[in-house]
Each structure stands twice: as C-alpha cells, then as structure tokens.
Number of protein chains: 2
Amino acid sequence: MSKDQSSRKGNVVDGIVQSLSDDIVSGRLVPGTKLDAQGMAERFGVSRTPIRETFGHLSAMGLVTHRPNRGVIVSTLMPEALSDLYEAMAELESSLARLATLRMSRDQRERLQLMHKESVHLVRDGSTEAYARFNQEFHDLIFEAAQSSQLQELAVATRTRLAPFRRAQFKVSNRISKSWEEHEAIVRAILAGDADSVGRLMRLHVQTVSAISAEFVADRRMTGAASAKGES
Amino acid sequence: MSKDQSSRKGNVVDGIVQSLSDDIVSGRLVPGTKLDAQGMAERFGVSRTPIRETFGHLSAMGLVTHRPNRGVIVSTLMPEALSDLYEAMAELESSLARLATLRMSRDQRERLQLMHKESVHLVRDGSTEAYARFNQEFHDLIFEAAQSSQLQELAVATRTRLAPFRRAQFKVSNRISKSWEEHEAIVRAILAGDADSVGRLMRLHVQTVSAISAEFVADRRMTGAASAKGES
DNA sequence: GGCATATTAAGTGCATGCAGTTTTGGAAGA
DNA sequence: TCTTCCAAAACTGCATGCACTTAATATGCC
C-alpha cells in the first residue's frame, strides 16, 4: 500500500496522514478495517506517538472512527448517515455553484465551457476512471470560482469523507451520459447567469449521485457492521 | 480560568478539550494568546502528551492555529477570513432553515412560535446576554427541525469558530430589536411554508450579523497580528 | 458436549526522557 | 545608545516505558 516517505524532517505526521488518507479514499483500506498503532509505527518507521497523532487527524476528518481503548477503524457509515452526508454535500455544492455563477471570471467561464465541451469524448469512450477525474475537475473549477474558501473547505472535506462510498457510481449503466446531461443544464444556467437555477440544478445533480451511491452501497453492504471482507 | 476536573478515568483529553474550548469561545482566552504545553500540563495535572492531543483537537476545530516548532496560539482571523467564515455560516444556516421549513413537526412549529413571541420581553429588557442566549436557542431549534445532522454539525462547528469574534454583536445599539424583526420575518415565512423565502431571509439575517461583527472587530482590531493585549 | 469463568496475551493511553529547534538575554562592537 | 552576534534557556516533537483495559484462549462446571 503506497510508499512510505523518509528523508523529510519537516513533517513526519502530515506525510503519514496523507499516505493513510490516500489509502482510505482510494479504497485500498476498506471501511471496517482496523488500524493498529503498533503495526503502522513499524510500517512508517516511526514510534507510536506520531501515529496516535495521525489517527487524531484522520478521526477529525471523519475517515476513521475511534473507539476508546479499542483502537480505530476505517469509518463505516449506516445508510442514513450516508444519505445525511450526501445531503450536506448537495447543499454545499448548491451554495458554491450559486456563488460561482455570480462571481465567475470571464476566463473561468470560458474554461468551464471548453472543459465541458471536450468531456463529450469521455462520454463516448466510456472510461469510468477518466470521467471520474474530469468530473472532479469540473466541480473543482466551480468551487474555485465561488471564491468562498471556507465553504470550499467544507465541501472538499465532505467529498473526502464520501469518497470511499461513491467510487463506483459511474459504473452504473448510463450514469456517465446522464451525468453529462446534468452538467449541460448547469453550464447553460451558469452562462445565462441564473444563479438560483444553478443552485437548484446542482442540488439535484448531487442528489442523483446520492441515490445511485446509496443503491450501490446497499447492494455491496459496504456500510453497516464490520463487513470488511466477504465481498461475495 | 475554569476549573480543572480530576476524578474521571474515562476521558482525560475530552475534558481538557472542553475546558479549553470553553475558555476560547467565551473569550477568557483572547485570540493571539499563546498556549504552552508545559503550563497546561501543570494546570490540568497531566503530562504533555494528552495536552498535545488536545491541541490537535482544538486545531481541527479551528480554534487554535499550530505553528511548526513554535507551539499553538488562539486563532486570529484576518478580516477576509472572518467574512469568509460568515459567508459559510450564512449558507449553512440558509440551507438548514429551508430544510427546517419543509420538515418541521407541528410541535416544533408551536415551540418556535411561542419562543419567538416571548422573546419580545427580552427585547424590552435589553439584556444582551439574555438575548444572546435566546438567539442561540432560536437557531438551535431550527437546526434540529432540519433533521440533517451533518449540516447541523458543520453549522455548529462554524458557529463555534466564530464565537470569539461575534460575542459583542448585540451591544451595537438597536441591534436587538433589528434582530427580532428579522426573526419575525423568518418565523412568518416558516409558518407560511415558503421554504425558499426562509432560506433567503436567513441568509440575509446572518449577513447582517456578519457586517456588524466585521465593523466591531475592525474597531477593536481583534483580528490581525498578535494584538492580544492593548484593548485601549 | 455446551456454557460460564479464569488466565494470558495484546493493545491502548499516559508519563517521561532526549535531541533538535526556536527564542531570549546579554555582551561586544560601532 | 543602538545594532549585531552569540550563548544559554526554553520548548517542541518524537521515542520509549509502564500501568491498565480489552480481547483471546484455555479450563472447569453443568
């Protein structure tokens, strides 16, 4: 799992936080997995103290759950908690999109338009990975344009927490072209300067993703109890 | 400053986090103050290790700022960062209020109405402390009614970060009665079930508070550099 | 043979020690 | 008197040790 990085006196903890959160977000560490301090200390070649600190950070991010005297596990989410998180995401993205409509620079407007236009190719190709990457860039551009760093931070943090549970959304048949159509509507409303519509459309867009993700997760049982193994 | 609590094997760290965040939120610890691990360890009768963990939590909450190899200080906010936080707060409260309008139970509706009606007395009395307490209850009721625990968590966290900088808002002349009028409009729209209007009104309400707070902070210079002392 | 209890092993949480960095205080020079 | 530089003190960040809690395994009892 990922490389450990020595030779950098600057920040031992931050590097480990980065490494472990990558493992969780990317799915290399499955929800429910137990993380033991001892083992991590050996893996990263440090003592248990900075590992404990790392766990604190991951816990603050919501990526791991701490059980007193019983260590930490990669967070698992009950279905309601998951839809709750998605609801927050929908509202945050909606707010950011509305603000972006009002504050977007000419340059950003053009980049958005271009980016969206070119994404047609990705839809044709059908590579879920490529489209997922584009999708994040698309949303990130809107985040930037909103010029609201705190809201953006909250949105990025929430997206990070959701990452382990939505990786597979584009594998659902037709999802990519549906997603593209939703983007199309959003881009049009942005160019028209209709901020309120943009907010509404973006909320719907995220809600759609939420519904799909919930379905998927319900199937795979990635949420409840400690089902870290039996994938069936 | 506040009492240290011994005799509770359960959670040493959580107690200290509570105690220190209270000190910061309530203003007993002024933004810019340096917190040294050694001193805190002695004050709470523990070693530096749990204090370090405490600092991690406070830092995650945004209440303190960590400077590598140089300890932590109670967070200070540049004016733009402050208005940025308020903008996030406005959007979060707006979303929660809109959802609350759609999901509020009959009982909650009645409680809100009653609570608001009785707050007239507080406006007459003019006690800023009493009104501030009521104000928080008013907003909390709306948070609860929204039934969106993640959004609520984000809103409460953001409010906590803002607390040190907005304590004095109701001391501005006329602010209490203005606040009451804004509440009045919000309550009416909620009872009318006009969710979109509620969202708009709540956003304006928070934006108003933001403007006042910004003014106040600009006067007192509670934000920039380390001006923890000279109150003038 | 199945269930409850005791014993052992593992792991967490806090204390303490040590090395490296920052800060402070003062002395030397201009 | 003010500036610059240096040395000592203070403090942070990580390693390590120890007590206590929890989990796992074995043993006795029904």
# chains A, B, ... in the order shown; residues from 1 in each chain; ligands from 1

call {"tool": "residues_around", "arguments": {"residues": "C:DA19", "least_positions_apart": "5", "cutoff": "12 Å", "atoms": "only C-alpha atoms (C1' of nucleotides)", "output": "compact mmCIF listing (two decimals) with N, CA and C atoms (P, O5', C5', C4', C3', O3' and C1' of nucleotides), in the first residue's frame"}}
result
# COMPACT_ATOMS: atom_id res chain seq x y z
P DT D 12 5.93 24.40 23.69
O5' DT D 12 6.06 23.61 22.30
C5' DT D 12 6.60 24.29 21.17
C4' DT D 12 7.32 23.32 20.26
C3' DT D 12 6.49 22.10 19.86
O3' DT D 12 6.53 21.95 18.46
C1' DT D 12 8.62 21.43 20.71
P DG D 13 5.46 20.97 17.72
O5' DG D 13 6.29 19.62 17.54
C5' DG D 13 7.42 19.62 16.69
C4' DG D 13 8.10 18.27 16.75
C3' DG D 13 7.17 17.07 16.61
O3' DG D 13 7.72 16.16 15.68
C1' DG D 13 8.46 16.85 18.57
P DC D 14 6.88 14.87 15.23
O5' DC D 14 7.69 13.67 15.90
C5' DC D 14 9.03 13.44 15.51
C4' DC D 14 9.70 12.50 16.49
C3' DC D 14 9.07 11.11 16.60
O3' DC D 14 10.05 10.13 16.24
C1' DC D 14 9.48 12.03 18.75
P DA D 15 9.72 8.56 16.40
O5' DA D 15 10.39 8.18 17.79
C5' DA D 15 11.76 8.46 17.99
C4' DA D 15 12.27 7.82 19.29
C3' DA D 15 11.86 6.36 19.50
O3' DA D 15 12.97 5.65 20.05
C1' DA D 15 10.98 7.67 21.27

call {"tool": "calpha_fit_and_write", "arguments": {"fixed": "chain A", "moving": "chain B", "output": "JSON list (two decimals) with C-alpha atoms, in the first residue's frame"}}
result
[["chain", "number", "residue", "atom", "x", "y", "z"],
["B", 1, "MET", "CA", -0.04, -0.11, 0.08],
["B", 2, "SER", "CA", 1.61, 3.09, -0.96],
["B", 3, "LYS", "CA", 5.19, 3.93, -0.21],
["B", 4, "ASP", "CA", 6.49, 5.24, 3.05],
["B", 5, "GLN", "CA", 8.55, 8.37, 2.72],
["B", 6, "SER", "CA", 11.65, 8.89, 4.79],
["B", 7, "SER", "CA", 14.12, 11.73, 4.40],
["B", 8, "ARG", "CA", 12.05, 14.79, 5.17],
["B", 9, "LYS", "CA", 12.55, 16.28, 8.55],
["B", 10, "GLY", "CA", 9.78, 18.78, 8.03],
["B", 11, "ASN", "CA", 6.61, 16.97, 8.93],
["B", 12, "VAL", "CA", 6.54, 13.35, 9.89],
["B", 13, "VAL", "CA", 2.87, 13.34, 10.81],
["B", 14, "ASP", "CA", 1.54, 15.16, 7.77],
["B", 15, "GLY", "CA", 3.20, 12.69, 5.45],
["B", 16, "ILE", "CA", 1.63, 9.75, 7.24],
["B", 17, "VAL", "CA", -1.77, 11.43, 7.29],
["B", 18, "GLN", "CA", -1.47, 11.96, 3.56],
["B", 19, "SER", "CA", -0.45, 8.39, 2.95],
["B", 20, "LEU", "CA", -3.18, 6.83, 5.07],
["B", 21, "SER", "CA", -5.96, 9.12, 3.89],
["B", 22, "ASP", "CA", -4.97, 8.27, 0.33],
["B", 23, "ASP", "CA", -5.26, 4.59, 1.18],
["B", 24, "ILE", "CA", -8.71, 5.12, 2.63],
["B", 25, "VAL", "CA", -10.06, 7.47, 0.00],
["B", 26, "SER", "CA", -8.79, 5.31, -2.83],
["B", 27, "GLY", "CA", -10.28, 2.21, -1.28],
["B", 28, "ARG", "CA", -7.06, 0.34, -0.57],
["B", 29, "LEU", "CA", -8.18, 0.37, 3.03],
["B", 30, "VAL", "CA", -11.74, -0.87, 3.15],
["B", 31, "PRO", "CA", -14.25, 0.59, 5.64],
["B", 32, "GLY", "CA", -14.24, -1.52, 8.77],
["B", 33, "THR", "CA", -10.55, -2.30, 8.67],
["B", 34, "LYS", "CA", -8.81, -1.93, 11.99],
["B", 35, "LEU", "CA", -5.68, 0.21, 12.09],
["B", 36, "ASP", "CA", -3.29, -0.76, 14.84],
["B", 37, "ALA", "CA", -0.81, 1.77, 16.07],
["B", 38, "GLN", "CA", 2.00, -0.70, 16.55],
["B", 39, "GLY", "CA", 1.88, -2.00, 13.01],
["B", 40, "MET", "CA", 1.65, 1.45, 11.48],
["B", 41, "ALA", "CA", 4.59, 2.58, 13.58],
["B", 42, "GLU", "CA", 6.70, -0.21, 12.13],
["B", 43, "ARG", "CA", 5.43, 0.34, 8.61],
["B", 44, "PHE", "CA", 6.35, 4.01, 8.65],
["B", 45, "GLY", "CA", 9.47, 3.59, 10.72],
["B", 46, "VAL", "CA", 8.41, 5.86, 13.54],
["B", 47, "SER", "CA", 7.21, 5.40, 17.10],
["B", 48, "ARG", "CA", 3.59, 5.12, 18.19],
["B", 49, "THR", "CA", 3.34, 8.74, 19.28],
["B", 50, "PRO", "CA", 3.17, 10.34, 15.83],
["B", 51, "ILE", "CA", 0.88, 7.52, 14.74],
["B", 52, "ARG", "CA", -1.52, 8.42, 17.51],
["B", 53, "GLU", "CA", -1.44, 12.01, 16.33],
["B", 54, "THR", "CA", -2.11, 10.83, 12.79],
["B", 55, "PHE", "CA", -5.14, 8.90, 13.98],
["B", 56, "GLY", "CA", -6.39, 12.06, 15.63],
["B", 57, "HIS", "CA", -6.23, 13.91, 12.33],
["B", 58, "LEU", "CA", -7.91, 11.14, 10.39],
["B", 59, "SER", "CA", -10.59, 10.99, 13.04],
["B", 60, "ALA", "CA", -11.17, 14.73, 12.77],
["B", 61, "MET", "CA", -11.57, 14.27, 9.03],
["B", 62, "GLY", "CA", -14.14, 11.58, 9.67],
["B", 63, "LEU", "CA", -12.15, 8.98, 7.79],
["B", 64, "VAL", "CA", -11.63, 6.79, 10.83],
["B", 65, "THR", "CA", -13.70, 6.16, 13.92],
["B", 66, "HIS", "CA", -12.08, 6.05, 17.31],
["B", 67, "ARG", "CA", -13.34, 3.56, 19.89],
["B", 68, "PRO", "CA", -12.00, 4.26, 23.39],
["B", 69, "ASN", "CA", -9.38, 1.74, 24.42],
["B", 70, "ARG", "CA", -10.12, -0.23, 21.31],
["B", 71, "GLY", "CA", -8.22, 1.48, 18.55],
["B", 72, "VAL", "CA", -9.50, 3.03, 15.35],
["B", 73, "ILE", "CA", -11.23, 1.54, 12.33],
["B", 74, "VAL", "CA", -11.80, 2.94, 8.87],
["B", 75, "SER", "CA", -15.18, 4.63, 9.13],
["B", 76, "THR", "CA", -18.26, 2.71, 8.17],
["B", 77, "LEU", "CA", -21.49, 4.54, 7.55],
["B", 78, "MET", "CA", -25.02, 3.44, 8.25],
["B", 79, "PRO", "CA", -27.31, 4.15, 5.32],
["B", 80, "GLU", "CA", -28.92, 7.16, 6.99],
["B", 81, "ALA", "CA", -25.55, 8.63, 7.88],
["B", 82, "LEU", "CA", -24.52, 8.24, 4.27],
["B", 83, "SER", "CA", -27.55, 10.00, 2.87],
["B", 84, "ASP", "CA", -27.11, 12.61, 5.55],
["B", 85, "LEU", "CA", -23.60, 13.29, 4.33],
["B", 86, "TYR", "CA", -24.84, 13.46, 0.77],
["B", 87, "GLU", "CA", -27.49, 15.92, 1.78],
["B", 88, "ALA", "CA", -24.83, 18.16, 3.28],
["B", 89, "MET", "CA", -22.79, 17.75, 0.11],
["B", 90, "ALA", "CA", -25.78, 18.70, -2.02],
["B", 91, "GLU", "CA", -26.38, 21.87, -0.06],
["B", 92, "LEU", "CA", -22.72, 22.84, -0.04],
["B", 93, "GLU", "CA", -22.33, 22.28, -3.77],
["B", 94, "SER", "CA", -25.55, 24.12, -4.41],
["B", 95, "SER", "CA", -24.35, 27.13, -2.47],
["B", 96, "LEU", "CA", -20.96, 27.10, -4.14],
["B", 97, "ALA", "CA", -22.51, 26.80, -7.58],
["B", 98, "ARG", "CA", -24.86, 29.68, -6.95],
["B", 99, "LEU", "CA", -22.01, 31.88, -5.73],
["B", 100, "ALA", "CA", -19.84, 30.76, -8.63],
["B", 101, "THR", "CA", -22.48, 31.92, -11.06],
["B", 102, "LEU", "CA", -22.37, 35.37, -9.52],
["B", 103, "ARG", "CA", -18.59, 35.64, -9.21],
["B", 104, "MET", "CA", -17.08, 33.65, -12.04],
["B", 105, "SER", "CA", -14.47, 35.46, -14.11],
["B", 106, "ARG", "CA", -14.63, 35.61, -17.88],
["B", 107, "ASP", "CA", -11.65, 33.32, -18.06],
["B", 108, "GLN", "CA", -13.24, 30.74, -15.77],
["B", 109, "ARG", "CA", -16.44, 30.88, -17.75],
["B", 110, "GLU", "CA", -14.53, 30.04, -20.91],
["B", 111, "ARG", "CA", -12.58, 27.27, -19.26],
["B", 112, "LEU", "CA", -15.75, 25.73, -17.91],
["B", 113, "GLN", "CA", -17.38, 25.83, -21.30],
["B", 114, "LEU", "CA", -14.36, 24.33, -23.01],
["B", 115, "MET", "CA", -13.88, 21.65, -20.38],
["B", 116, "HIS", "CA", -17.50, 20.62, -20.58],
["B", 117, "LYS", "CA", -17.50, 20.58, -24.36],
["B", 118, "GLU", "CA", -14.46, 18.33, -24.52],
["B", 119, "SER", "CA", -15.90, 15.93, -21.98],
["B", 120, "VAL", "CA", -18.17, 14.64, -24.72],
["B", 121, "HIS", "CA", -15.28, 12.50, -25.85],
["B", 122, "LEU", "CA", -15.03, 10.95, -22.42],
["B", 123, "VAL", "CA", -18.71, 10.07, -22.51],
["B", 124, "ARG", "CA", -18.19, 8.31, -25.84],
["B", 125, "ASP", "CA", -15.11, 6.46, -24.65],
["B", 126, "GLY", "CA", -16.91, 5.34, -21.54],
["B", 127, "SER", "CA", -13.86, 5.13, -19.29],
["B", 128, "THR", "CA", -15.26, 5.47, -15.80],
["B", 129, "GLU", "CA", -11.89, 6.47, -14.38],
["B", 130, "ALA", "CA", -11.27, 9.19, -16.92],
["B", 131, "TYR", "CA", -14.76, 10.56, -16.48],
["B", 132, "ALA", "CA", -14.45, 10.51, -12.69],
["B", 133, "ARG", "CA", -11.26, 12.53, -12.97],
["B", 134, "PHE", "CA", -12.89, 15.03, -15.29],
["B", 135, "ASN", "CA", -15.92, 15.21, -13.03],
["B", 136, "GLN", "CA", -13.80, 16.23, -10.08],
["B", 137, "GLU", "CA", -12.07, 18.91, -12.15],
["B", 138, "PHE", "CA", -15.44, 20.20, -13.29],
["B", 139, "HIS", "CA", -16.69, 20.58, -9.74],
["B", 140, "ASP", "CA", -13.36, 21.97, -8.55],
["B", 141, "LEU", "CA", -13.51, 24.71, -11.13],
["B", 142, "ILE", "CA", -16.89, 25.72, -9.79],
["B", 143, "PHE", "CA", -15.56, 25.60, -6.23],
["B", 144, "GLU", "CA", -12.74, 27.92, -7.18],
["B", 145, "ALA", "CA", -15.01, 30.31, -8.99],
["B", 146, "ALA", "CA", -17.21, 30.69, -5.94],
["B", 147, "GLN", "CA", -14.35, 32.41, -4.10],
["B", 148, "SER", "CA", -15.53, 31.23, -0.74],
["B", 149, "SER", "CA", -12.63, 29.38, 0.78],
["B", 150, "GLN", "CA", -14.43, 28.22, 3.92],
["B", 151, "LEU", "CA", -17.36, 26.77, 2.04],
["B", 152, "GLN", "CA", -14.93, 25.20, -0.35],
["B", 153, "GLU", "CA", -13.04, 23.65, 2.51],
["B", 154, "LEU", "CA", -16.21, 22.19, 3.95],
["B", 155, "ALA", "CA", -17.20, 20.82, 0.56],
["B", 156, "VAL", "CA", -13.81, 19.24, -0.08],
["B", 157, "ALA", "CA", -13.78, 17.71, 3.39],
["B", 158, "THR", "CA", -17.23, 16.28, 2.88],
["B", 159, "ARG", "CA", -16.30, 14.93, -0.53],
["B", 160, "THR", "CA", -13.28, 13.25, 1.03],
["B", 161, "ARG", "CA", -15.46, 11.53, 3.60],
["B", 162, "LEU", "CA", -17.78, 10.33, 0.88],
["B", 163, "ALA", "CA", -15.03, 9.13, -1.43],
["B", 164, "PRO", "CA", -14.83, 5.57, -0.12],
["B", 165, "PHE", "CA", -18.54, 5.14, -0.74],
["B", 166, "ARG", "CA", -19.03, 6.65, -4.13],
["B", 167, "ARG", "CA", -16.12, 5.41, -6.11],
["B", 168, "ALA", "CA", -18.26, 3.13, -8.17],
["B", 169, "GLN", "CA", -21.05, 5.47, -9.15],
["B", 170, "PHE", "CA", -20.02, 5.77, -12.80],
["B", 171, "LYS", "CA", -20.08, 2.04, -13.24],
["B", 172, "VAL", "CA", -23.84, 2.12, -13.15],
["B", 173, "SER", "CA", -25.04, 1.80, -16.69],
["B", 174, "ASN", "CA", -25.86, 5.06, -18.42],
["B", 175, "ARG", "CA", -24.71, 7.08, -15.45],
["B", 176, "ILE", "CA", -21.97, 8.85, -17.40],
["B", 177, "SER", "CA", -24.24, 10.20, -20.09],
["B", 178, "LYS", "CA", -26.86, 11.17, -17.52],
["B", 179, "SER", "CA", -24.20, 12.99, -15.55],
["B", 180, "TRP", "CA", -23.13, 14.80, -18.70],
["B", 181, "GLU", "CA", -26.68, 15.96, -19.36],
["B", 182, "GLU", "CA", -26.94, 17.32, -15.84],
["B", 183, "HIS", "CA", -23.67, 19.16, -16.34],
["B", 184, "GLU", "CA", -25.03, 20.52, -19.58],
["B", 185, "ALA", "CA", -28.03, 22.05, -17.82],
["B", 186, "ILE", "CA", -25.80, 23.51, -15.13],
["B", 187, "VAL", "CA", -23.37, 25.04, -17.60],
["B", 188, "ARG", "CA", -26.19, 26.62, -19.53],
["B", 189, "ALA", "CA", -27.69, 28.17, -16.44],
["B", 190, "ILE", "CA", -24.29, 29.45, -15.37],
["B", 191, "LEU", "CA", -23.72, 31.09, -18.74],
["B", 192, "ALA", "CA", -27.20, 32.56, -18.53],
["B", 193, "GLY", "CA", -26.29, 33.95, -15.12],
["B", 194, "ASP", "CA", -29.33, 32.40, -13.48],
["B", 195, "ALA", "CA", -27.81, 31.78, -10.08],
["B", 196, "ASP", "CA", -30.89, 30.41, -8.36],
["B", 197, "SER", "CA", -31.46, 27.85, -11.09],
["B", 198, "VAL", "CA", -27.83, 26.83, -10.89],
["B", 199, "GLY", "CA", -28.22, 26.20, -7.20],
["B", 200, "ARG", "CA", -31.30, 24.10, -7.75],
["B", 201, "LEU", "CA", -29.77, 22.12, -10.60],
["B", 202, "MET", "CA", -26.58, 21.42, -8.70],
["B", 203, "ARG", "CA", -28.56, 20.19, -5.72],
["B", 204, "LEU", "CA", -30.49, 17.82, -7.93],
["B", 205, "HIS", "CA", -27.27, 16.66, -9.56],
["B", 206, "VAL", "CA", -25.74, 15.68, -6.23],
["B", 207, "GLN", "CA", -28.99, 14.16, -5.03],
["B", 208, "THR", "CA", -28.98, 11.93, -8.08],
["B", 209, "VAL", "CA", -25.47, 10.78, -7.28],
["B", 210, "SER", "CA", -26.61, 10.17, -3.72],
["B", 211, "ALA", "CA", -29.43, 7.91, -4.79],
["B", 212, "ILE", "CA", -27.18, 5.88, -7.06],
["B", 213, "SER", "CA", -24.47, 5.60, -4.44],
["B", 214, "ALA", "CA", -26.97, 4.52, -1.81],
["B", 215, "GLU", "CA", -28.24, 1.77, -4.08],
["B", 216, "PHE", "CA", -24.76, 0.60, -4.82],
["B", 217, "VAL", "CA", -23.72, 0.59, -1.20],
["B", 218, "ALA", "CA", -26.89, -1.21, -0.15],
["B", 219, "ASP", "CA", -26.05, -3.96, -2.63],
["B", 220, "ARG", "CA", -22.49, -4.35, -1.54],
["B", 221, "ARG", "CA", -23.19, -3.83, 2.14],
["B", 222, "MET", "CA", -20.21, -1.55, 2.49],
["B", 223, "THR", "CA", -21.88, 0.32, 5.26],
["B", 224, "GLY", "CA", -23.23, -1.41, 8.36],
["B", 225, "ALA", "CA", -21.35, -3.60, 10.81],
["B", 226, "ALA", "CA", -17.83, -4.76, 10.10],
["B", 227, "SER", "CA", -18.18, -6.40, 6.73],
["B", 228, "ALA", "CA", -14.71, -5.55, 5.63],
["B", 229, "LYS", "CA", -14.22, -8.85, 3.90],
["B", 230, "GLY", "CA", -16.80, -11.04, 2.17],
["B", 231, "GLU", "CA", -17.11, -9.15, -1.09],
["B", 232, "SER", "CA", -19.07, -12.02, -2.61]]

call {"tool": "atom_distance", "arguments": {"atom1": "atom C1' of C:DA27", "atom2": "atom C1' of D:DA10"}}
result
20.5 Å

call {"tool": "atom_distance", "arguments": {"atom1": "atom C1' of C:DG11", "atom2": "atom C1' of D:DT22"}}
result
8.0 Å

call {"tool": "atom_distance", "arguments": {"atom1": "atom C1' of C:DT16", "atom2": "atom C1' of D:DA23"}}
result
28.3 Å

call {"tool": "select_by_dssp", "arguments": {"residues": "stretch 13-214 of chain A", "states": "helix (DSSP H, G or I)", "output": "number ranges by chain"}}
result
A: 13-26, 37-44, 48-61, 79-103, 106-125, 128-146, 149-166, 169-171, 175-192, 195-214

call {"tool": "closest_atom_pairs", "arguments": {"of": "chain C", "to": "chain A", "cutoff": "12 Å", "atoms": "only C-alpha atoms (C1' of nucleotides)", "output": "CSV"}}
result
residue,atom,partner,partner_atom,distance
C:DA10,C1',A:Gln38,CA,10.6
C:DG11,C1',A:Arg70,CA,7.8
C:DT12,C1',A:Asn69,CA,5.2
C:DG13,C1',A:Asn69,CA,7.7
C:DC14,C1',A:Thr49,CA,11.0
C:DG20,C1',A:Lys9,CA,10.6
C:DT21,C1',A:Gly10,CA,11.6

call {"tool": "decode", "arguments": {"residues": "stretch 78-159 of chain A", "atoms": "C-alpha atoms", "output": "PDB file, in the first residue's frame"}}
result
ATOM      1  CA  MET A  78     -25.001   3.436   8.267  1.00  0.00           C
ATOM      2  CA  PRO A  79     -27.278   4.133   5.306  1.00  0.00           C
ATOM      3  CA  GLU A  80     -28.900   7.137   6.992  1.00  0.00           C
ATOM      4  CA  ALA A  81     -25.538   8.612   7.878  1.00  0.00           C
ATOM      5  CA  LEU A  82     -24.502   8.231   4.270  1.00  0.00           C
ATOM      6  CA  SER A  83     -27.544   9.995   2.877  1.00  0.00           C
ATOM      7  CA  ASP A  84     -27.103  12.604   5.567  1.00  0.00           C
ATOM      8  CA  LEU A  85     -23.588  13.291   4.341  1.00  0.00           C
ATOM      9  CA  TYR A  86     -24.828  13.456   0.784  1.00  0.00           C
ATOM     10  CA  GLU A  87     -27.480  15.932   1.784  1.00  0.00           C
ATOM     11  CA  ALA A  88     -24.817  18.164   3.283  1.00  0.00           C
ATOM     12  CA  MET A  89     -22.781  17.762   0.121  1.00  0.00           C
ATOM     13  CA  ALA A  90     -25.764  18.701  -2.010  1.00  0.00           C
ATOM     14  CA  GLU A  91     -26.356  21.877  -0.046  1.00  0.00           C
ATOM     15  CA  LEU A  92     -22.694  22.856  -0.039  1.00  0.00           C
ATOM     16  CA  GLU A  93     -22.309  22.280  -3.759  1.00  0.00           C
ATOM     17  CA  SER A  94     -25.530  24.120  -4.400  1.00  0.00           C
ATOM     18  CA  SER A  95     -24.325  27.144  -2.463  1.00  0.00           C
ATOM     19  CA  LEU A  96     -20.941  27.098  -4.141  1.00  0.00           C
ATOM     20  CA  ALA A  97     -22.479  26.799  -7.593  1.00  0.00           C
ATOM     21  CA  ARG A  98     -24.835  29.689  -6.956  1.00  0.00           C
ATOM     22  CA  LEU A  99     -21.988  31.883  -5.739  1.00  0.00           C
ATOM     23  CA  ALA A 100     -19.811  30.769  -8.625  1.00  0.00           C
ATOM     24  CA  THR A 101     -22.459  31.931 -11.062  1.00  0.00           C
ATOM     25  CA  LEU A 102     -22.347  35.361  -9.523  1.00  0.00           C
ATOM     26  CA  ARG A 103     -18.580  35.646  -9.212  1.00  0.00           C
ATOM     27  CA  MET A 104     -17.064  33.658 -12.048  1.00  0.00           C
ATOM     28  CA  SER A 105     -14.460  35.466 -14.124  1.00  0.00           C
ATOM     29  CA  ARG A 106     -14.626  35.605 -17.890  1.00  0.00           C
ATOM     30  CA  ASP A 107     -11.649  33.300 -18.065  1.00  0.00           C
ATOM     31  CA  GLN A 108     -13.228  30.743 -15.785  1.00  0.00           C
ATOM     32  CA  ARG A 109     -16.421  30.880 -17.770  1.00  0.00           C
ATOM     33  CA  GLU A 110     -14.529  30.030 -20.910  1.00  0.00           C
ATOM     34  CA  ARG A 111     -12.562  27.273 -19.285  1.00  0.00           C
ATOM     35  CA  LEU A 112     -15.744  25.729 -17.917  1.00  0.00           C
ATOM     36  CA  GLN A 113     -17.363  25.826 -21.307  1.00  0.00           C
ATOM     37  CA  LEU A 114     -14.357  24.304 -23.015  1.00  0.00           C
ATOM     38  CA  MET A 115     -13.876  21.631 -20.392  1.00  0.00           C
ATOM     39  CA  HIS A 116     -17.498  20.616 -20.580  1.00  0.00           C
ATOM     40  CA  LYS A 117     -17.486  20.566 -24.361  1.00  0.00           C
ATOM     41  CA  GLU A 118     -14.459  18.315 -24.517  1.00  0.00           C
ATOM     42  CA  SER A 119     -15.891  15.923 -21.966  1.00  0.00           C
ATOM     43  CA  VAL A 120     -18.167  14.640 -24.711  1.00  0.00           C
ATOM     44  CA  HIS A 121     -15.274  12.487 -25.836  1.00  0.00           C
ATOM     45  CA  LEU A 122     -15.015  10.942 -22.416  1.00  0.00           C
ATOM     46  CA  VAL A 123     -18.689  10.065 -22.503  1.00  0.00           C
ATOM     47  CA  ARG A 124     -18.172   8.300 -25.840  1.00  0.00           C
ATOM     48  CA  ASP A 125     -15.101   6.443 -24.650  1.00  0.00           C
ATOM     49  CA  GLY A 126     -16.905   5.333 -21.546  1.00  0.00           C
ATOM     50  CA  SER A 127     -13.848   5.114 -19.293  1.00  0.00           C
ATOM     51  CA  THR A 128     -15.248   5.462 -15.796  1.00  0.00           C
ATOM     52  CA  GLU A 129     -11.869   6.453 -14.390  1.00  0.00           C
ATOM     53  CA  ALA A 130     -11.258   9.179 -16.925  1.00  0.00           C
ATOM     54  CA  TYR A 131     -14.744  10.559 -16.499  1.00  0.00           C
ATOM     55  CA  ALA A 132     -14.434  10.484 -12.701  1.00  0.00           C
ATOM     56  CA  ARG A 133     -11.247  12.525 -12.970  1.00  0.00           C
ATOM     57  CA  PHE A 134     -12.884  15.015 -15.299  1.00  0.00           C
ATOM     58  CA  ASN A 135     -15.911  15.198 -13.040  1.00  0.00           C
ATOM     59  CA  GLN A 136     -13.789  16.221 -10.096  1.00  0.00           C
ATOM     60  CA  GLU A 137     -12.061  18.900 -12.153  1.00  0.00           C
ATOM     61  CA  PHE A 138     -15.428  20.186 -13.296  1.00  0.00           C
ATOM     62  CA  HIS A 139     -16.670  20.573  -9.741  1.00  0.00           C
ATOM     63  CA  ASP A 140     -13.345  21.945  -8.551  1.00  0.00           C
ATOM     64  CA  LEU A 141     -13.489  24.703 -11.130  1.00  0.00           C
ATOM     65  CA  ILE A 142     -16.878  25.721  -9.793  1.00  0.00           C
ATOM     66  CA  PHE A 143     -15.547  25.593  -6.238  1.00  0.00           C
ATOM     67  CA  GLU A 144     -12.708  27.915  -7.177  1.00  0.00           C
ATOM     68  CA  ALA A 145     -14.993  30.302  -8.991  1.00  0.00           C
ATOM     69  CA  ALA A 146     -17.185  30.689  -5.926  1.00  0.00           C
ATOM     70  CA  GLN A 147     -14.320  32.396  -4.099  1.00  0.00           C
ATOM     71  CA  SER A 148     -15.501  31.221  -0.743  1.00  0.00           C
ATOM     72  CA  SER A 149     -12.608  29.358   0.772  1.00  0.00           C
ATOM     73  CA  GLN A 150     -14.396  28.223   3.905  1.00  0.00           C
ATOM     74  CA  LEU A 151     -17.343  26.769   2.038  1.00  0.00           C
ATOM     75  CA  GLN A 152     -14.917  25.189  -0.358  1.00  0.00           C
ATOM     76  CA  GLU A 153     -13.024  23.633   2.512  1.00  0.00           C
ATOM     77  CA  LEU A 154     -16.202  22.187   3.947  1.00  0.00           C
ATOM     78  CA  ALA A 155     -17.191  20.822   0.559  1.00  0.00           C
ATOM     79  CA  VAL A 156     -13.808  19.237  -0.085  1.00  0.00           C
ATOM     80  CA  ALA A 157     -13.763  17.712   3.385  1.00  0.00           C
ATOM     81  CA  THR A 158     -17.216  16.287   2.876  1.00  0.00           C
ATOM     82  CA  ARG A 159     -16.298  14.932  -0.530  1.00  0.00           C
TER      83      ARG A 159
END
